[in-house]
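Q: What follows is target11.csv, made up of CSV, C-alpha atoms:
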chain,number,residue,atom,x,y,z
A,4,MET,CA,74.0,73.2,-177.2
A,5,LYS,CA,73.6,70.4,-179.6
A,6,LEU,CA,75.8,67.4,-180.3
A,7,PHE,CA,75.0,65.9,-183.6
A,8,LEU,CA,76.0,62.9,-185.7
A,9,SER,CA,75.0,61.9,-189.1
A,10,LEU,CA,72.1,59.5,-188.9
A,11,SER,CA,71.0,60.3,-192.4
A,12,ALA,CA,71.4,62.8,-195.1
A,13,PHE,CA,69.2,65.1,-193.0
A,14,THR,CA,71.2,64.7,-189.8
A,15,PHE,CA,74.2,66.8,-190.6
A,16,ILE,CA,77.5,65.5,-189.2
A,17,LEU,CA,79.1,68.1,-187.0
A,18,PHE,CA,82.8,67.8,-187.7
A,19,ILE,CA,85.4,69.7,-185.7
A,20,HIS,CA,88.6,69.5,-187.8
A,21,GLY,CA,87.2,66.3,-189.4
A,22,HIS,CA,85.4,64.8,-186.4
A,23,VAL,CA,81.9,64.8,-185.1
A,24,CYS,CA,81.2,66.8,-181.9
A,25,LEU,CA,78.9,69.5,-180.2
A,26,ASP,CA,78.8,73.0,-178.2
A,27,ILE,CA,76.4,75.4,-176.5
A,28,ILE,CA,74.0,77.8,-178.3
A,29,GLY,CA,72.1,80.5,-176.3
A,30,GLY,CA,73.9,79.5,-173.1
A,31,ARG,CA,76.1,81.3,-170.6
A,32,GLU,CA,79.7,81.2,-169.6
A,33,ALA,CA,80.0,78.9,-166.6
A,34,ILE,CA,81.5,80.2,-163.3
A,35,PRO,CA,85.2,79.2,-163.7
A,36,HIS,CA,85.8,75.7,-162.3
A,37,SER,CA,82.2,75.4,-161.0
A,38,ARG,CA,81.9,72.1,-162.9
A,39,PRO,CA,85.0,70.2,-161.8
A,40,TYR,CA,83.9,67.0,-163.4
A,41,MET,CA,84.2,68.4,-167.0
A,42,ALA,CA,86.8,66.8,-169.2
A,43,PHE,CA,88.1,68.4,-172.4
A,44,ILE,CA,89.2,65.7,-174.9
A,45,ARG,CA,91.5,66.1,-177.9
A,46,THR,CA,90.4,63.4,-180.4
A,47,THR,CA,92.3,62.0,-183.3
A,48,ALA,CA,93.0,64.5,-186.1
A,49,LYS,CA,92.7,67.4,-183.7
A,50,GLY,CA,89.0,67.0,-183.1
A,51,ILE,CA,87.4,67.8,-179.7
A,52,CYS,CA,84.8,66.3,-177.5
A,53,ALA,CA,83.7,66.7,-173.9
A,54,GLY,CA,83.5,64.1,-171.1
A,55,THR,CA,82.7,63.5,-167.5
A,56,LEU,CA,85.1,62.4,-164.8
A,57,ILE,CA,83.1,59.6,-162.9
A,58,GLN,CA,86.1,58.1,-161.1
A,59,SER,CA,89.6,59.5,-160.5
A,60,ASN,CA,90.9,57.6,-163.5
A,61,TRP,CA,87.7,57.1,-165.6
A,62,VAL,CA,86.0,59.5,-168.0
A,63,LEU,CA,82.6,58.9,-169.6
A,64,THR,CA,82.0,60.2,-173.1
A,65,ALA,CA,80.3,59.4,-176.4
A,66,ALA,CA,81.3,56.4,-178.5
A,67,HIS,CA,81.1,58.4,-181.7
A,68,CYS,CA,84.0,60.5,-180.5
A,69,PRO,CA,87.2,59.1,-182.2
A,70,ILE,CA,89.6,58.6,-179.4
A,71,ASN,CA,92.6,56.3,-179.0
A,72,SER,CA,95.4,55.6,-176.5
A,73,LYS,CA,97.3,58.6,-177.9
A,74,ALA,CA,94.6,61.0,-176.8
A,75,LYS,CA,95.0,63.4,-173.9
A,76,VAL,CA,92.3,64.5,-171.4
A,77,THR,CA,92.4,67.9,-169.8
A,78,LEU,CA,90.7,68.2,-166.4
A,79,GLY,CA,90.1,71.3,-164.3
A,80,ALA,CA,89.9,73.6,-167.3
A,81,HIS,CA,87.8,76.7,-167.8
A,82,SER,CA,89.7,78.4,-170.7
A,83,ILE,CA,91.2,76.0,-173.3
A,84,ARG,CA,93.8,78.4,-174.5
A,85,ASN,CA,94.9,80.1,-171.2
A,86,VAL,CA,97.5,78.7,-168.9
A,87,GLU,CA,95.5,77.7,-165.7
A,88,PRO,CA,97.2,76.1,-162.7
A,89,GLU,CA,94.1,74.1,-162.0
A,90,LYS,CA,94.5,72.1,-165.2
A,91,GLN,CA,95.6,68.4,-165.1
A,92,LYS,CA,96.5,66.8,-168.4
A,93,ILE,CA,96.4,63.0,-168.4
A,94,ARG,CA,96.9,60.6,-171.3
A,95,VAL,CA,94.4,57.8,-172.1
A,96,LEU,CA,95.4,54.3,-171.3
A,97,ASN,CA,92.5,52.3,-172.6
A,98,VAL,CA,89.4,53.1,-174.7
A,99,PHE,CA,86.1,51.1,-174.2
A,100,PRO,CA,83.3,52.0,-176.6
A,101,HIS,CA,80.1,50.1,-175.9
A,102,GLU,CA,80.2,46.8,-177.8
A,103,LEU,CA,76.7,47.5,-179.2
A,104,PHE,CA,77.4,51.0,-180.4
A,105,ASN,CA,75.8,51.6,-183.8
A,106,ALA,CA,77.4,54.3,-185.9
A,107,MET,CA,74.4,54.6,-188.1
A,108,THR,CA,71.7,55.0,-185.4
A,109,PHE,CA,73.9,56.2,-182.5
A,110,ASP,CA,72.3,53.6,-180.3
A,111,TYR,CA,74.5,52.7,-177.3
A,112,ASP,CA,76.5,55.9,-177.9
A,113,ILE,CA,78.6,55.5,-174.7
A,114,GLN,CA,82.3,55.2,-174.2
A,115,LEU,CA,84.7,54.9,-171.2
A,116,LEU,CA,88.2,56.2,-171.1
A,117,GLN,CA,90.6,54.7,-168.6
A,118,LEU,CA,93.3,57.3,-167.8
A,119,ARG,CA,97.0,56.4,-167.3
A,120,GLU,CA,97.0,57.8,-163.8
A,121,LYS,CA,94.5,59.0,-161.3
A,122,ALA,CA,93.5,62.6,-161.2
A,123,LYS,CA,94.3,64.6,-158.1
A,124,LEU,CA,90.8,65.3,-156.8
A,125,GLY,CA,89.9,68.5,-155.0
A,126,LYS,CA,88.0,71.8,-155.5
A,127,TYR,CA,88.9,72.1,-159.2
A,128,VAL,CA,88.9,68.5,-160.3
A,129,ASN,CA,86.3,66.1,-159.0
A,130,VAL,CA,83.9,63.4,-160.0
A,131,LEU,CA,80.2,63.5,-160.9
A,132,PRO,CA,78.3,60.6,-159.5
A,133,LEU,CA,76.2,58.1,-161.4
A,134,PRO,CA,72.5,58.1,-160.6
A,135,LYS,CA,71.5,55.8,-157.7
A,136,ASN,CA,67.9,55.3,-158.7
A,137,GLN,CA,66.7,54.4,-162.1
A,138,LYS,CA,63.4,56.4,-162.1
A,139,PHE,CA,63.0,57.8,-165.6
A,140,LEU,CA,63.2,61.6,-165.9
A,141,ARG,CA,59.8,63.1,-166.4
A,142,PRO,CA,59.0,65.4,-169.3
A,143,ARG,CA,59.6,69.1,-168.4
A,144,SER,CA,62.3,68.1,-165.9
A,145,ILE,CA,65.1,70.8,-166.0
A,146,CYS,CA,68.6,69.6,-166.4
A,147,GLU,CA,71.9,71.1,-167.5
A,148,THR,CA,74.7,70.5,-170.0
A,149,ALA,CA,78.0,72.1,-170.7
A,150,GLY,CA,80.9,72.1,-173.2
A,151,TRP,CA,83.4,74.1,-175.3
A,152,GLY,CA,81.6,73.6,-178.7
A,153,PHE,CA,80.2,76.0,-181.3
A,154,ILE,CA,78.4,79.1,-179.9
A,155,SER,CA,76.9,80.2,-183.2
A,156,ASN,CA,75.4,78.7,-186.3
A,157,ARG,CA,77.0,81.5,-188.4
A,158,ASP,CA,80.7,80.5,-188.1
A,159,ASN,CA,82.9,77.6,-187.0
A,160,LYS,CA,84.2,79.4,-183.9
A,161,MET,CA,84.5,77.2,-180.8
A,162,SER,CA,84.2,78.6,-177.4
A,163,ASP,CA,87.4,79.1,-175.5
A,164,LYS,CA,85.6,79.2,-172.1
A,165,LEU,CA,83.3,76.5,-170.7
A,166,MET,CA,79.7,77.3,-171.6
A,167,GLU,CA,76.6,75.9,-169.9
A,168,VAL,CA,72.8,75.8,-170.6
A,169,ASN,CA,69.6,74.6,-168.9
A,170,VAL,CA,67.7,72.1,-171.0
A,171,THR,CA,64.1,70.7,-170.7
A,172,VAL,CA,63.5,66.9,-170.9
A,173,MET,CA,60.8,65.8,-173.4
A,174,GLY,CA,58.9,62.5,-173.8
A,175,ARG,CA,60.5,59.8,-175.9
A,176,ARG,CA,57.4,59.4,-178.1
A,177,ALA,CA,57.3,63.1,-178.9
A,178,CYS,CA,61.0,63.0,-179.6
A,179,ALA,CA,60.6,60.0,-181.9
A,180,HIS,CA,57.8,61.7,-183.8
A,181,ILE,CA,60.0,64.8,-184.5
A,182,TRP,CA,62.8,62.6,-185.8
A,183,GLN,CA,60.5,60.4,-187.9
A,184,MET,CA,59.2,63.5,-189.5
A,185,LYS,CA,62.6,64.4,-190.8
A,186,LYS,CA,62.2,63.3,-194.4
A,187,GLU,CA,65.9,62.9,-195.1
A,188,GLY,CA,65.9,59.7,-193.2
A,189,ARG,CA,64.5,57.6,-190.4
A,190,THR,CA,65.8,57.8,-186.9
A,191,ASN,CA,64.8,55.4,-184.2
A,192,ILE,CA,64.7,56.9,-180.7
A,193,THR,CA,65.5,53.9,-178.5
A,194,ARG,CA,65.2,53.2,-174.7
A,195,ASN,CA,68.9,54.0,-174.6
A,196,MET,CA,68.2,57.6,-175.5
A,197,ILE,CA,66.6,60.6,-173.8
A,198,CYS,CA,65.7,63.9,-175.4
A,199,THR,CA,65.4,67.6,-174.6
A,200,GLN,CA,63.5,70.3,-176.4
A,201,GLU,CA,63.4,74.1,-176.0
A,202,VAL,CA,61.0,76.9,-176.9
A,203,THR,CA,63.8,79.4,-177.3
A,204,SER,CA,67.1,79.3,-179.3
A,205,LYS,CA,69.4,77.4,-177.0
A,206,GLY,CA,70.9,73.9,-176.8
A,207,THR,CA,74.0,71.9,-177.7
A,208,CYS,CA,76.0,72.2,-180.9
A,209,GLY,CA,79.2,70.9,-182.6
A,210,GLY,CA,82.0,70.2,-180.2
A,211,ASP,CA,79.8,69.4,-177.2
A,212,SER,CA,79.6,65.7,-178.0
A,213,GLY,CA,80.2,63.4,-175.0
A,214,GLY,CA,79.4,66.0,-172.4
A,215,PRO,CA,77.1,65.3,-169.5
A,216,LEU,CA,73.3,65.7,-169.1
A,217,VAL,CA,73.3,66.7,-165.4
A,218,CYS,CA,70.0,66.3,-163.5
A,219,ASN,CA,69.7,66.7,-159.7
A,220,GLY,CA,73.5,66.6,-159.3
A,221,THR,CA,74.1,63.4,-161.1
A,222,VAL,CA,75.0,62.4,-164.7
A,223,ARG,CA,71.9,61.0,-166.4
A,224,GLY,CA,73.0,61.2,-170.1
A,225,VAL,CA,75.7,61.9,-172.6
A,226,THR,CA,75.4,64.4,-175.4
A,227,SER,CA,74.9,62.3,-178.6
A,228,PHE,CA,73.2,64.0,-181.7
A,229,GLY,CA,70.8,66.6,-183.0
A,230,ALA,CA,69.8,68.5,-186.1
A,231,ALA,CA,72.2,70.3,-188.5
A,232,GLU,CA,71.3,73.7,-187.3
A,233,CYS,CA,71.8,74.2,-183.5
A,234,GLY,CA,69.4,75.8,-181.1
A,235,VAL,CA,66.3,75.7,-183.3
A,236,PRO,CA,63.1,76.2,-181.1
A,237,GLY,CA,61.0,73.0,-181.1
A,238,ASP,CA,63.7,70.7,-182.3
A,239,ALA,CA,64.9,67.7,-180.3
A,240,SER,CA,68.4,67.1,-179.0
A,241,VAL,CA,69.3,63.5,-178.2
A,242,TYR,CA,71.5,62.1,-175.4
A,243,SER,CA,72.5,58.6,-174.5
A,244,TYR,CA,70.5,57.7,-171.5
A,245,LEU,CA,72.1,56.0,-168.4
A,246,ASN,CA,69.4,53.5,-167.9
A,247,ARG,CA,69.8,50.4,-165.7
A,248,GLU,CA,71.5,48.4,-168.6
A,249,ILE,CA,73.9,51.1,-169.5
A,250,LYS,CA,74.8,51.8,-165.8
A,251,SER,CA,75.4,48.1,-165.3
A,252,TRP,CA,77.8,48.1,-168.3
A,253,ILE,CA,79.6,51.1,-166.9
A,254,LYS,CA,80.1,49.5,-163.4
A,255,LYS,CA,81.3,46.3,-165.0
A,256,LYS,CA,84.0,48.1,-167.0
A,257,LEU,CA,85.0,50.1,-163.9
A,258,ARG,CA,85.6,46.8,-162.0
A,259,GLY,CA,87.7,45.5,-164.9
A,260,GLY,CA,85.1,43.2,-166.4
A,261,PRO,CA,84.9,42.2,-170.1
Show me the file's structure as structure tokens.

A:
Amino acid sequence: MKLFLSLSAFTFILFIHGHVCLDIIGGREAIPHSRPYMAFIRTTAKGICAGTLIQSNWVLTAAHCPINSKAKVTLGAHSIRNVEPEKQKIRVLNVFPHELFNAMTFDYDIQLLQLREKAKLGKYVNVLPLPKNQKFLRPRSICETAGWGFISNRDNKMSDKLMEVNVTVMGRRACAHIWQMKKEGRTNITRNMICTQEVTSKGTCGGDSGGPLVCNGTVRGVTSFGAAECGVPGDASVYSYLNREIKSWIKKKLRGGP
């Protein structure tokens, strides 16, 4: 599942009804409500992104997702269209994109949403913890990601059900090399990013933006960008990485800091 934003003429912007976001290619339908931290977000102009509930009234997502205080977050969802008693729909109170977010390079592609009320936590809605240690994920580590984005390169059909996929971490240098080889433009893979690469046709895609990179039961990244065509073997998907600096920023915002 690849979440991609326009970094150059090569990096095709994935718009869902006019906005950039990603979904899962080559994945599987998640067991209903098995990922109680997943948030479905309606962006401005009816776009969609995903997010992660990290506290009862805070959602982590991508800064490139266009969200304002009129947005509504749906928690506890498996199907977007079906009526589900597990769903909780809560409006956004405040939006905090990272102050250093660069819309051209997607560096610091992190955003926090403060909800107007606390979610009722339980079996179907719950938080996903931030990582306690800052040890960098080694290449070939297996992580997971999920979302409601595109499930095919052939049409613009979004998934109604939550989809998930296992992804494989790759080294930052190898990822940077792949993106530098894209002749349509130069992309710098920074220390605020982490990449995954597959040998089969699977990964994130449009509509999955903002969803979590889950490793060992914690959120280690946020779906950020990728190539125009989703799920191409050997390509590199990029996530914002929750390194020490980013995690410190998140904690400061949660405490009410500037």

Q: Let me make sure I understand: among A:Cys52, A:Ile44, A:Ile83, A:Leu131, which one has the smallest atom-to-atom distance to Lys164 of chain A if we use only C-alpha atoms?

A: A:Ile83

Q: Could you check how far atom CA of His101 of chain A sits from atom CA of Leu116 of chain A, in Å to one decimal?

A: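 Atom-to-atom, atom CA of His101 of chain A and atom CA of Leu116 of chain A are spaced 11.2 Å apart.
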
Q: Quick one: distance from atom CA of Val62 of chain A to atom CA of Cys218 of chain A in Å, one decimal?

A: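 Calculated distance between atom CA of Val62 of chain A and atom CA of Cys218 of chain A is 18.0 Å.
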
Q: For a cutoff of 8 Å around the file-coordinate point (68.2, 56.4, -163.5), which residues qualify once you count all atoms listed in the file? I'd like the result as an MDAnalysis selection string.

A: chainID A and resid 134:140 223 245:247

Q: Tell me which protein, DNA and RNA residues are within 8 Å of Tyr40 of chain A, counting all atoms listed in the file, leaving out same-chain ones fewer than 5 positions away, and put them as a list in words.

A: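 These residues fall inside the cut-off: Thr55, Leu56, Ile57, Leu78, Gly79, Val128, Asn129, Val130 and Leu131 of chain A.
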
Q: Atom CA of Ser212 of chain A and atom CA of Cys68 of chain A are how many Å apart?

A: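 Spanning atom CA of Ser212 of chain A to atom CA of Cys68 of chain A is a straight-line distance of 7.3 Å.
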
Q: Hey, which of A:Glu102, A:Asp112, A:Glu248, A:Glu32 ends up closest to Trp151 of chain A? Count all atoms listed in the file.

A: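 The answer is A:Glu32, which sits nearest to Trp151 of chain A.
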
Q: Pick out the residues sitting within 7 Å of segment 194-202 of chain A, and hand them over as a PyMOL selection string; count only C-alpha atoms, and ignore anything fewer than 3 positions along from it in its own chain.

A: chain A and resi 110-111+170-173+175+178+205+236-244+246

Q: Around (94.3, 59.8, -172.8) in the file's own coordinates, what residues are found within 12 Å if you use all atoms listed in the file, given back as an NGL selection string?

A: :A and (42-47 or 54 or 60-62 or 69-78 or 91-98 or 115-122)

Q: For Asn219 of chain A, which residue out of A:Cys146, A:Met107, A:Ala53, A:Met41 is the nearest one, using only C-alpha atoms?

A: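 For Asn219 of chain A, the nearest of the candidates is A:Cys146.
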
Q: Rank nothing, just name the residue among A:Thr226, A:Ser82, A:Asn105, A:Gln114 nearest to Ala33 of chain A, using only C-alpha atoms.

A: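 Of the candidates, the smallest distance to Ala33 of chain A is held by A:Ser82.
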
Q: Taking all atoms listed in the file into account, name the residue in A:Thr108, A:Gln58, A:Glu167, A:Trp252 that is nearest to Glu147 of chain A.

A: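 When distances to Glu147 of chain A are compared using all atoms listed in the file, the smallest one comes from A:Glu167.
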
Q: Restricting the calculation to only C-alpha atoms: of A:Pro142, A:Gly229, A:Gly125, A:Pro215, which residue gets closest to Ala65 of chain A?

A: A:Pro215
